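target.cif (mmCIF, C-alpha atoms) appears below.
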data_start
#
loop_
_atom_site.group_PDB
_atom_site.id
_atom_site.type_symbol
_atom_site.label_atom_id
_atom_site.label_comp_id
_atom_site.auth_asym_id
_atom_site.auth_seq_id
_atom_site.Cartn_x
_atom_site.Cartn_y
_atom_site.Cartn_z
ATOM 1 C CA MET R 1 8.411 -50.164 26.934
ATOM 2 C CA ARG R 2 10.221 -47.010 25.767
ATOM 3 C CA THR R 3 9.207 -47.681 22.185
ATOM 4 C CA ALA R 4 5.577 -48.106 23.242
ATOM 5 C CA LEU R 5 5.645 -44.775 25.082
ATOM 6 C CA LEU R 6 7.174 -42.989 22.119
ATOM 7 C CA LEU R 7 4.565 -44.526 19.809
ATOM 8 C CA ALA R 8 1.753 -43.474 22.143
ATOM 9 C CA ALA R 9 3.152 -39.953 22.340
ATOM 10 C CA ALA R 10 3.436 -39.781 18.560
ATOM 11 C CA LEU R 11 -0.151 -40.979 18.122
ATOM 12 C CA PHE R 12 -1.388 -38.429 20.658
ATOM 13 C CA ALA R 13 0.513 -35.658 18.935
ATOM 14 C CA THR R 14 -0.884 -36.687 15.565
ATOM 15 C CA ALA R 15 -4.447 -36.808 16.875
ATOM 16 C CA SER R 16 -4.039 -33.445 18.566
ATOM 17 C CA PHE R 17 -2.642 -31.819 15.415
ATOM 18 C CA ALA R 18 -5.438 -33.308 13.299
ATOM 19 C CA GLU R 19 -7.990 -31.882 15.679
ATOM 20 C CA ASP R 20 -6.396 -28.422 15.472
ATOM 21 C CA ALA R 21 -6.163 -28.654 11.716
ATOM 22 C CA ALA R 22 -9.841 -29.557 11.504
ATOM 23 C CA THR R 23 -10.831 -26.389 13.372
ATOM 24 C CA LEU R 24 -8.849 -24.288 10.908
ATOM 25 C CA GLU R 25 -10.083 -26.023 7.779
ATOM 26 C CA LYS R 26 -13.094 -23.740 7.258
ATOM 27 C CA SER R 27 -13.366 -19.981 7.660
ATOM 28 C CA PRO R 28 -13.481 -18.372 10.136
ATOM 29 C CA PRO R 29 -10.817 -19.943 12.317
ATOM 30 C CA PRO R 30 -11.365 -19.647 16.087
ATOM 31 C CA ALA R 31 -9.888 -16.931 18.318
ATOM 32 C CA PRO R 32 -7.250 -15.664 18.685
ATOM 33 C CA TYR R 33 -7.310 -15.469 14.878
ATOM 34 C CA VAL R 34 -8.817 -12.242 13.524
ATOM 35 C CA GLN R 35 -9.750 -11.345 9.965
ATOM 36 C CA VAL R 36 -7.025 -9.074 8.651
ATOM 37 C CA SER R 37 -9.355 -6.879 6.585
ATOM 38 C CA LYS R 38 -11.452 -6.114 9.678
ATOM 39 C CA ALA R 39 -8.422 -4.945 11.629
ATOM 40 C CA LEU R 40 -6.400 -3.237 8.912
ATOM 41 C CA PRO R 41 -7.125 -1.191 5.762
ATOM 42 C CA LEU R 42 -6.737 -4.069 3.336
ATOM 43 C CA PRO R 43 -9.165 -5.696 0.867
ATOM 44 C CA GLU R 44 -11.305 -8.525 2.240
ATOM 45 C CA PHE R 45 -10.018 -10.825 -0.528
ATOM 46 C CA ILE R 46 -6.494 -10.050 -1.709
ATOM 47 C CA PRO R 47 -5.749 -11.449 -5.165
ATOM 48 C CA GLY R 48 -3.078 -14.109 -4.769
ATOM 49 C CA LEU R 49 -3.502 -14.361 -1.005
ATOM 50 C CA GLY R 50 -7.228 -14.797 -0.437
ATOM 51 C CA THR R 51 -9.046 -13.849 2.755
ATOM 52 C CA LEU R 52 -6.477 -13.657 5.528
ATOM 53 C CA PHE R 53 -6.704 -14.399 9.233
ATOM 54 C CA VAL R 54 -3.891 -13.988 11.746
ATOM 55 C CA ASN R 55 -3.249 -14.196 15.454
ATOM 56 C CA PRO R 56 -2.050 -10.614 16.168
ATOM 57 C CA ASP R 57 0.456 -11.934 18.697
ATOM 58 C CA THR R 58 2.359 -13.623 15.874
ATOM 59 C CA LEU R 59 2.870 -10.491 13.731
ATOM 60 C CA PRO R 60 4.673 -9.780 11.561
ATOM 61 C CA ALA R 61 5.624 -13.314 10.493
ATOM 62 C CA GLY R 62 2.337 -15.046 11.082
ATOM 63 C CA PRO R 63 1.198 -17.672 10.149
ATOM 64 C CA PHE R 64 -1.527 -15.989 8.107
ATOM 65 C CA LEU R 65 -4.292 -18.437 7.208
ATOM 66 C CA ALA R 66 -5.519 -17.895 3.650
ATOM 67 C CA TYR R 67 -9.051 -18.929 2.692
ATOM 68 C CA ASP R 68 -10.600 -19.094 -0.763
ATOM 69 C CA HIS R 69 -13.972 -17.617 -1.761
ATOM 70 C CA ASP R 70 -15.737 -20.718 -0.373
ATOM 71 C CA GLY R 71 -14.045 -20.438 3.011
ATOM 72 C CA LYS R 72 -11.676 -23.375 2.464
ATOM 73 C CA LEU R 73 -8.218 -23.110 4.004
ATOM 74 C CA SER R 74 -5.956 -22.996 0.966
ATOM 75 C CA ALA R 75 -2.589 -21.699 2.135
ATOM 76 C CA THR R 76 -0.510 -20.756 5.122
ATOM 77 C CA ILE R 77 1.520 -17.588 4.595
ATOM 78 C CA TYR R 78 4.479 -16.106 6.442
ATOM 79 C CA MET R 79 5.542 -12.479 6.024
ATOM 80 C CA VAL R 80 9.175 -12.060 6.969
ATOM 81 C CA PRO R 81 10.730 -8.552 7.081
ATOM 82 C CA LEU R 82 14.027 -8.559 5.217
ATOM 83 C CA GLU R 83 15.503 -6.081 7.674
ATOM 84 C CA ASP R 84 14.866 -8.528 10.515
ATOM 85 C CA LEU R 85 16.593 -11.354 8.670
ATOM 86 C CA GLN R 86 19.542 -9.130 7.813
ATOM 87 C CA GLY R 87 19.754 -8.166 11.464
ATOM 88 C CA GLY R 88 20.152 -11.790 12.442
ATOM 89 C CA LYS R 89 16.623 -12.470 13.623
ATOM 90 C CA SER R 90 15.238 -15.908 12.878
ATOM 91 C CA PHE R 91 11.673 -17.185 12.785
ATOM 92 C CA ASP R 92 11.655 -20.729 14.103
ATOM 93 C CA GLY R 93 8.953 -23.256 14.860
ATOM 94 C CA LEU R 94 6.170 -21.361 13.108
ATOM 95 C CA ALA R 95 2.793 -23.105 13.066
ATOM 96 C CA VAL R 96 1.249 -24.514 9.890
ATOM 97 C CA GLY R 97 -2.454 -24.259 9.069
ATOM 98 C CA ALA R 98 -2.696 -27.767 7.612
ATOM 99 C CA PRO R 99 -0.295 -30.711 7.433
ATOM 100 C CA SER R 100 -0.456 -31.125 3.657
ATOM 101 C CA VAL R 101 1.708 -28.788 1.559
ATOM 102 C CA THR R 102 1.749 -29.302 -2.198
ATOM 103 C CA SER R 103 3.894 -26.341 -3.267
ATOM 104 C CA VAL R 104 5.599 -23.223 -1.925
ATOM 105 C CA ASP R 105 5.965 -19.738 -3.446
ATOM 106 C CA ILE R 106 8.439 -17.186 -2.072
ATOM 107 C CA TYR R 107 8.537 -13.622 -3.336
ATOM 108 C CA PHE R 108 9.265 -10.019 -2.374
ATOM 109 C CA ASN R 109 6.601 -7.572 -1.191
ATOM 110 C CA ALA R 110 7.240 -3.847 -0.783
ATOM 111 C CA GLY R 111 4.992 -3.582 2.254
ATOM 112 C CA HIS R 112 1.349 -3.121 3.190
ATOM 113 C CA ALA R 113 -0.745 -2.259 6.198
ATOM 114 C CA GLY R 114 0.165 -4.578 9.053
ATOM 115 C CA VAL R 115 3.602 -5.446 7.674
ATOM 116 C CA GLU R 116 4.876 -2.098 6.441
ATOM 117 C CA LYS R 117 8.525 -2.979 5.983
ATOM 118 C CA PRO R 118 9.726 -4.677 2.791
ATOM 119 C CA HIS R 119 9.370 -8.382 3.382
ATOM 120 C CA ALA R 120 9.195 -11.830 1.829
ATOM 121 C CA HIS R 121 5.928 -13.694 1.387
ATOM 122 C CA VAL R 122 6.373 -17.425 1.961
ATOM 123 C CA VAL R 123 3.212 -19.113 0.728
ATOM 124 C CA LEU R 124 2.552 -22.783 1.524
ATOM 125 C CA PHE R 125 -0.293 -24.067 -0.666
ATOM 126 C CA HIS R 126 -2.267 -26.921 0.876
ATOM 127 C CA ASP R 127 -3.649 -28.560 -2.276
ATOM 128 C CA ASP R 128 -3.070 -28.564 -6.013
ATOM 129 C CA GLY R 129 -5.914 -26.156 -6.817
ATOM 130 C CA ALA R 130 -5.216 -23.696 -4.006
ATOM 131 C CA LYS R 131 -3.110 -21.256 -5.974
ATOM 132 C CA GLU R 132 -5.746 -20.902 -8.676
ATOM 133 C CA ARG R 133 -8.546 -20.429 -6.144
ATOM 134 C CA LEU R 134 -6.634 -17.649 -4.376
ATOM 135 C CA ALA R 135 -5.627 -15.922 -7.608
ATOM 136 C CA LYS R 136 -8.694 -13.703 -7.898
ATOM 137 C CA MET T 1 -17.492 -0.468 -4.302
ATOM 138 C CA SER T 2 -16.288 2.998 -5.026
ATOM 139 C CA PHE T 3 -16.612 6.218 -3.169
ATOM 140 C CA SER T 4 -14.899 9.532 -3.249
ATOM 141 C CA ARG T 5 -14.209 12.282 -0.842
ATOM 142 C CA ARG T 6 -13.549 15.812 -1.850
ATOM 143 C CA LEU T 7 -11.485 18.441 -0.195
ATOM 144 C CA VAL T 8 -11.207 21.907 -1.623
ATOM 145 C CA LEU T 9 -8.085 23.630 -0.466
ATOM 146 C CA ALA T 10 -7.973 27.144 0.855
ATOM 147 C CA LEU T 11 -7.264 29.588 -1.908
ATOM 148 C CA GLY T 12 -4.149 31.662 -2.082
ATOM 149 C CA GLY T 13 -4.517 35.354 -2.865
ATOM 150 C CA GLY T 14 -5.744 35.836 -6.416
ATOM 151 C CA ALA T 15 -5.721 32.116 -7.046
ATOM 152 C CA LEU T 16 -9.032 32.265 -8.824
ATOM 153 C CA ALA T 17 -7.391 34.158 -11.644
ATOM 154 C CA THR T 18 -6.720 31.011 -13.571
ATOM 155 C CA LEU T 19 -3.769 30.788 -15.894
ATOM 156 C CA VAL T 20 -3.925 28.155 -18.575
ATOM 157 C CA SER T 21 -0.887 26.920 -20.449
ATOM 158 C CA PRO T 22 -0.936 25.043 -23.733
ATOM 159 C CA GLY T 23 -1.303 21.283 -23.282
ATOM 160 C CA ARG T 24 -2.205 21.627 -19.644
ATOM 161 C CA PRO T 25 -5.567 20.698 -18.110
ATOM 162 C CA TRP T 26 -7.927 23.654 -17.850
ATOM 163 C CA ALA T 27 -9.008 24.938 -14.485
ATOM 164 C CA GLY T 28 -12.089 23.104 -13.317
ATOM 165 C CA THR T 29 -11.091 19.855 -14.953
ATOM 166 C CA VAL T 30 -10.282 16.648 -13.123
ATOM 167 C CA GLU T 31 -6.966 14.857 -13.527
ATOM 168 C CA THR T 32 -6.495 11.346 -12.185
ATOM 169 C CA VAL T 33 -3.395 10.113 -10.412
ATOM 170 C CA GLU T 34 -3.584 6.356 -9.975
ATOM 171 C CA MET T 35 -2.050 4.299 -7.196
ATOM 172 C CA ARG T 36 -0.667 1.199 -8.827
ATOM 173 C CA GLY T 37 1.203 -1.953 -7.899
ATOM 174 C CA THR T 38 2.367 -5.201 -9.393
ATOM 175 C CA ALA T 39 0.220 -8.272 -8.795
ATOM 176 C CA ARG T 40 2.356 -9.532 -5.941
ATOM 177 C CA GLY T 41 3.215 -6.114 -4.542
ATOM 178 C CA GLU T 42 6.890 -6.128 -5.472
ATOM 179 C CA ARG T 43 6.625 -2.561 -6.798
ATOM 180 C CA ILE T 44 4.183 0.248 -6.098
ATOM 181 C CA TRP T 45 3.959 3.721 -7.615
ATOM 182 C CA PHE T 46 1.867 6.770 -8.514
ATOM 183 C CA GLU T 47 0.879 7.035 -12.169
ATOM 184 C CA PRO T 48 1.833 9.640 -13.217
ATOM 185 C CA ARG T 49 4.524 10.584 -10.719
ATOM 186 C CA GLY T 50 4.868 14.020 -12.274
ATOM 187 C CA LEU T 51 1.985 16.151 -13.534
ATOM 188 C CA ALA T 52 1.559 19.770 -14.633
ATOM 189 C CA VAL T 53 -1.856 21.361 -14.208
ATOM 190 C CA SER T 54 -3.470 24.765 -14.128
ATOM 191 C CA SER T 55 -4.692 26.419 -10.970
ATOM 192 C CA GLY T 56 -8.126 25.143 -10.034
ATOM 193 C CA THR T 57 -7.590 21.619 -11.353
ATOM 194 C CA THR T 58 -9.035 18.852 -9.227
ATOM 195 C CA ILE T 59 -6.723 15.904 -8.667
ATOM 196 C CA ARG T 60 -8.462 12.567 -8.211
ATOM 197 C CA PHE T 61 -6.283 9.985 -6.479
ATOM 198 C CA LEU T 62 -7.612 6.543 -7.412
ATOM 199 C CA ASN T 63 -6.390 3.271 -5.933
ATOM 200 C CA HIS T 64 -5.991 1.047 -8.981
ATOM 201 C CA ASP T 65 -3.950 -1.539 -7.082
ATOM 202 C CA PRO T 66 -6.194 -4.591 -6.494
ATOM 203 C CA GLY T 67 -4.106 -6.028 -3.681
ATOM 204 C CA ASN T 68 -3.061 -3.117 -1.509
ATOM 205 C CA SER T 69 -4.221 0.059 0.214
ATOM 206 C CA HIS T 70 -2.507 3.406 -0.302
ATOM 207 C CA THR T 71 -2.652 7.020 0.829
ATOM 208 C CA ALA T 72 -2.006 10.294 -0.966
ATOM 209 C CA THR T 73 -0.570 12.580 1.674
ATOM 210 C CA ALA T 74 0.896 16.073 1.389
ATOM 211 C CA TYR T 75 4.196 16.843 3.034
ATOM 212 C CA HIS T 76 3.210 19.290 5.749
ATOM 213 C CA PRO T 77 3.861 19.762 9.476
ATOM 214 C CA SER T 78 0.166 19.378 10.245
ATOM 215 C CA VAL T 79 0.117 15.895 8.714
ATOM 216 C CA LEU T 80 2.417 13.498 10.546
ATOM 217 C CA ASP T 81 4.786 16.355 11.340
ATOM 218 C CA ARG T 82 6.600 16.349 7.997
ATOM 219 C CA LEU T 83 8.467 19.322 6.559
ATOM 220 C CA ARG T 84 6.366 21.348 4.128
ATOM 221 C CA ARG T 85 6.777 20.495 0.442
ATOM 222 C CA ILE T 86 3.675 22.240 -0.874
ATOM 223 C CA PRO T 87 3.120 25.988 -1.417
ATOM 224 C CA LYS T 88 2.729 27.967 1.764
ATOM 225 C CA ALA T 89 -0.638 29.276 0.562
ATOM 226 C CA ALA T 90 -2.010 25.754 0.063
ATOM 227 C CA ALA T 91 -3.833 23.647 2.628
ATOM 228 C CA PRO T 92 -2.423 20.176 3.273
ATOM 229 C CA TRP T 93 -4.369 16.995 2.656
ATOM 230 C CA ASP T 94 -4.343 13.346 3.634
ATOM 231 C CA SER T 95 -6.578 10.864 1.864
ATOM 232 C CA ASP T 96 -6.231 8.262 4.634
ATOM 233 C CA PHE T 97 -6.025 4.673 3.409
ATOM 234 C CA LEU T 98 -7.844 4.022 0.156
ATOM 235 C CA LEU T 99 -8.889 0.449 -0.606
ATOM 236 C CA PRO T 100 -8.911 -0.805 -4.212
ATOM 237 C CA GLY T 101 -11.378 1.215 -6.267
ATOM 238 C CA GLN T 102 -11.668 4.021 -3.744
ATOM 239 C CA SER T 103 -10.664 7.578 -4.565
ATOM 240 C CA PHE T 104 -10.000 10.957 -2.993
ATOM 241 C CA GLU T 105 -10.171 14.384 -4.611
ATOM 242 C CA VAL T 106 -8.388 17.602 -3.862
ATOM 243 C CA THR T 107 -8.521 20.881 -5.808
ATOM 244 C CA LEU T 108 -5.199 22.687 -6.138
ATOM 245 C CA THR T 109 -5.313 26.435 -6.531
ATOM 246 C CA ALA T 110 -2.187 28.004 -5.034
ATOM 247 C CA PRO T 111 0.493 28.059 -7.763
ATOM 248 C CA GLY T 112 3.683 26.114 -7.174
ATOM 249 C CA VAL T 113 5.096 22.664 -6.545
ATOM 250 C CA TYR T 114 3.199 20.035 -4.536
ATOM 251 C CA ASP T 115 5.021 16.908 -3.361
ATOM 252 C CA PHE T 116 3.032 14.041 -1.885
ATOM 253 C CA TYR T 117 3.582 10.457 -0.753
ATOM 254 C CA CYS T 118 1.953 7.192 0.236
ATOM 255 C CA GLN T 119 2.362 6.706 3.979
ATOM 256 C CA PRO T 120 3.318 3.018 4.092
ATOM 257 C CA HIS T 121 5.216 3.055 0.815
ATOM 258 C CA GLU T 122 7.215 6.286 0.869
ATOM 259 C CA PRO T 123 10.387 4.371 1.809
ATOM 260 C CA MET T 124 9.885 2.336 -1.363
ATOM 261 C CA GLY T 125 9.733 5.483 -3.475
ATOM 262 C CA MET T 126 5.975 5.870 -3.802
ATOM 263 C CA VAL T 127 5.985 9.657 -4.078
ATOM 264 C CA GLY T 128 4.751 12.136 -6.649
ATOM 265 C CA ARG T 129 4.931 15.769 -7.691
ATOM 266 C CA ILE T 130 2.303 18.091 -9.141
ATOM 267 C CA VAL T 131 3.191 21.486 -10.570
ATOM 268 C CA VAL T 132 0.428 24.069 -10.569
ATOM 269 C CA GLY T 133 0.958 26.933 -13.005
ATOM 270 C CA THR T 134 4.450 27.999 -14.050
ATOM 271 C CA PRO T 135 7.268 29.987 -12.459
ATOM 272 C CA GLU T 136 5.824 33.040 -14.208
ATOM 273 C CA THR T 137 2.517 32.678 -12.365
ATOM 274 C CA PRO T 138 2.171 35.365 -9.648
ATOM 275 C CA GLY T 139 2.753 33.828 -6.220
ATOM 276 C CA TRP T 140 4.352 30.683 -7.660
ATOM 277 C CA GLU T 141 6.454 28.773 -5.120
ATOM 278 C CA GLY T 142 9.179 26.405 -6.312
ATOM 279 C CA PRO T 143 10.119 22.988 -4.951
ATOM 280 C CA SER T 144 11.331 22.466 -1.423
ATOM 281 C CA ALA T 145 15.111 22.401 -1.103
ATOM 282 C CA ASP T 146 15.007 20.231 2.013
ATOM 283 C CA THR T 147 16.855 16.936 1.900
ATOM 284 C CA THR T 148 16.733 16.075 5.596
ATOM 285 C CA ASP T 149 13.137 14.899 6.006
ATOM 286 C CA ILE T 150 13.028 12.437 3.139
ATOM 287 C CA ALA T 151 15.175 9.500 2.091
ATOM 288 C CA ALA T 152 17.523 10.088 -0.828
ATOM 289 C CA ASP T 153 15.965 7.175 -2.745
ATOM 290 C CA SER T 154 12.512 8.725 -2.460
ATOM 291 C CA LEU T 155 13.814 12.197 -3.273
ATOM 292 C CA ALA T 156 15.275 10.837 -6.493
ATOM 293 C CA VAL T 157 11.810 9.761 -7.666
ATOM 294 C CA PHE T 158 10.508 13.330 -7.910
ATOM 295 C CA PRO T 159 10.847 14.479 -11.513
ATOM 296 C CA ALA T 160 12.525 17.831 -12.077
ATOM 297 C CA VAL T 161 10.043 20.694 -12.281
ATOM 298 C CA ALA T 162 11.427 21.697 -15.685
ATOM 299 C CA ASP T 163 10.795 18.168 -17.020
ATOM 300 C CA ILE T 164 7.230 18.154 -15.712
ATOM 301 C CA LEU T 165 6.543 21.533 -17.276
ATOM 302 C CA ALA T 166 8.103 20.445 -20.563
ATOM 303 C CA LYS T 167 6.291 17.087 -20.821
ATOM 304 C CA GLY T 168 3.118 17.800 -18.878
ATOM 305 C CA ARG T 169 3.024 14.279 -17.508
ATOM 306 C CA ILE T 170 5.757 11.847 -16.451
ATOM 307 C CA GLY T 171 4.912 8.177 -15.974
ATOM 308 C CA GLY T 172 5.613 6.418 -12.739
ATOM 309 C CA ALA T 173 6.362 2.836 -13.764
#
Give the structure from the file, written as structure tokens.
Amino acid sequence: MRTALLLAAALFATASFAEDAATLEKSPPPAPYVQVSKALPLPEFIPGLGTLFVNPDTLPAGPFLAYDHDGKLSATIYMVPLEDLQGGKSFDGLAVGAPSVTSVDIYFNAGHAGVEKPHAHVVLFHDDGAKERLAK
Amino acid sequence: MSFSRRLVLALGGGALATLVSPGRPWAGTVETVEMRGTARGERIWFEPRGLAVSSGTTIRFLNHDPGNSHTATAYHPSVLDRLRRIPKAAAPWDSDFLLPGQSFEVTLTAPGVYDFYCQPHEPMGMVGRIVVGTPETPGWEGPSADTTDIAADSLAVFPAVADILAKGRIGGA
């Protein structure tokens, strides 16, 4: 009986996640996500990151949803201030834009509108061609 | 898309009497200071970070960084309440955020040393210095001696006035 309940719960969770992922698959994602370039002085398409959407309540870490020129969700990005990490702050249980992750890039960024402090970009690419599509 | 905005600063007394030094842009010319950054934004800087010009030169700040927005902002109490690091006779300026390809122009007439910065990136050393005229120019005002309103790391990025005058242009990278 317990096993059956756990299985049912797992199936429900999977179905629910798939439904959420489907709504994020194409740009624009639903509210509370907002297009970053419409809220902040940043380019609409940022080379390497694509067209970004974020729920403002999750700043600075995100997730930022990154779409290619065709509006396909290509990456989920987190922006983590180094000062926060050094101060002992952690960022746990962050959402992911899509369940499939084919590769991850992590690198330093000196800061930009929205996340002014020096921070790390953690970029989760969702398919093999995503990085190339977001490049420019 | 590209657009530019122009601001002509208030003239100091006698500033129209242009002095031109060898190897220095003539009054009325336009010199470009680019905002640059690496592809992933690890480093950002003004190019050049040190520039010598003659009075009356227009400085065109151009955002050449494809992935970031920048400002060119004068150190002045009337702009974000910073201590003045431009000649007293000069009017301050603030380009506001410039997106890639956008530019902002300002004409510098009062002789002396002008320090400026990028608002979000000053802590990362994105600052620059323009020298108008020479110490022999009437009314010339040297660099600010203040070290309390700016981080030591950023202060270290400003080239020495003597070096700017000797070389004319000092790269930022």
Selection result for the PyMOL selection byres ((chain R) within 8 of (chain T)) on this file, as a ChimeraX atom specification: /R:41-43,46-48,107-113,116
Next, dump the selected residues to file, keeping only C-alpha atoms, as a PDB file, in the coordinates of the input.
ATOM      1  CA  PRO R  41      -7.125  -1.191   5.762  1.00  0.00           C
ATOM      2  CA  LEU R  42      -6.737  -4.069   3.336  1.00  0.00           C
ATOM      3  CA  PRO R  43      -9.165  -5.696   0.867  1.00  0.00           C
ATOM      4  CA  ILE R  46      -6.494 -10.050  -1.709  1.00  0.00           C
ATOM      5  CA  PRO R  47      -5.749 -11.449  -5.165  1.00  0.00           C
ATOM      6  CA  GLY R  48      -3.078 -14.109  -4.769  1.00  0.00           C
ATOM      7  CA  TYR R 107       8.537 -13.622  -3.336  1.00  0.00           C
ATOM      8  CA  PHE R 108       9.265 -10.019  -2.374  1.00  0.00           C
ATOM      9  CA  ASN R 109       6.601  -7.572  -1.191  1.00  0.00           C
ATOM     10  CA  ALA R 110       7.240  -3.847  -0.783  1.00  0.00           C
ATOM     11  CA  GLY R 111       4.992  -3.582   2.254  1.00  0.00           C
ATOM     12  CA  HIS R 112       1.349  -3.121   3.190  1.00  0.00           C
ATOM     13  CA  ALA R 113      -0.745  -2.259   6.198  1.00  0.00           C
ATOM     14  CA  GLU R 116       4.876  -2.098   6.441  1.00  0.00           C
TER      15      GLU R 116
END
Picked residues, the PyMOL selection byres ((chain R and resi 94) around 10), expected as a PDB file with C-alpha atoms, in the coordinates of the input:
ATOM      1  CA  THR R  58       2.359 -13.623  15.874  1.00  0.00           C
ATOM      2  CA  ALA R  61       5.624 -13.314  10.493  1.00  0.00           C
ATOM      3  CA  GLY R  62       2.337 -15.046  11.082  1.00  0.00           C
ATOM      4  CA  PRO R  63       1.198 -17.672  10.149  1.00  0.00           C
ATOM      5  CA  TYR R  78       4.479 -16.106   6.442  1.00  0.00           C
ATOM      6  CA  PHE R  91      11.673 -17.185  12.785  1.00  0.00           C
ATOM      7  CA  ASP R  92      11.655 -20.729  14.103  1.00  0.00           C
ATOM      8  CA  GLY R  93       8.953 -23.256  14.860  1.00  0.00           C
ATOM      9  CA  ALA R  95       2.793 -23.105  13.066  1.00  0.00           C
ATOM     10  CA  VAL R  96       1.249 -24.514   9.890  1.00  0.00           C
ATOM     11  CA  GLY R  97      -2.454 -24.259   9.069  1.00  0.00           C
TER      12      GLY R  97
END
For CA of Val123 (chain R) and CA of His64 (chain T), the interatomic separation in Å (one decimal): 24.2 Å
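Evaluated against the shown file, the PyMOL selection byres ((chain R and resi 67) around 8) gives Lys26, Ser27, Gly50, Thr51, Leu52, Leu65, Ala66, Asp68, His69, Asp70, Gly71, Lys72, Leu73, Ser74, Ala75 and Leu134 of chain R.
The residue that comes closest to Gly28 (chain T), out of T:Thr107, T:Gly133, T:Gln102, T:Ala89 and on the basis of all atoms listed in the file, is T:Thr107.
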The centre and edge lengths of an axis-aligned box containing all atoms of region 108-115 of chain T present in the file, extended by 6 Å on each side, are to be given in Å to one decimal, as AutoDock Vina command-line options.
--center_x -0.1 --center_y 22.5 --center_z -5.6 --size_x 22.4 --size_y 23.2 --size_z 16.4
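Our summary of the geometry notes that CA of Trp140 (chain T) is positioned 4.7 Å from CA of Pro111 (chain T).
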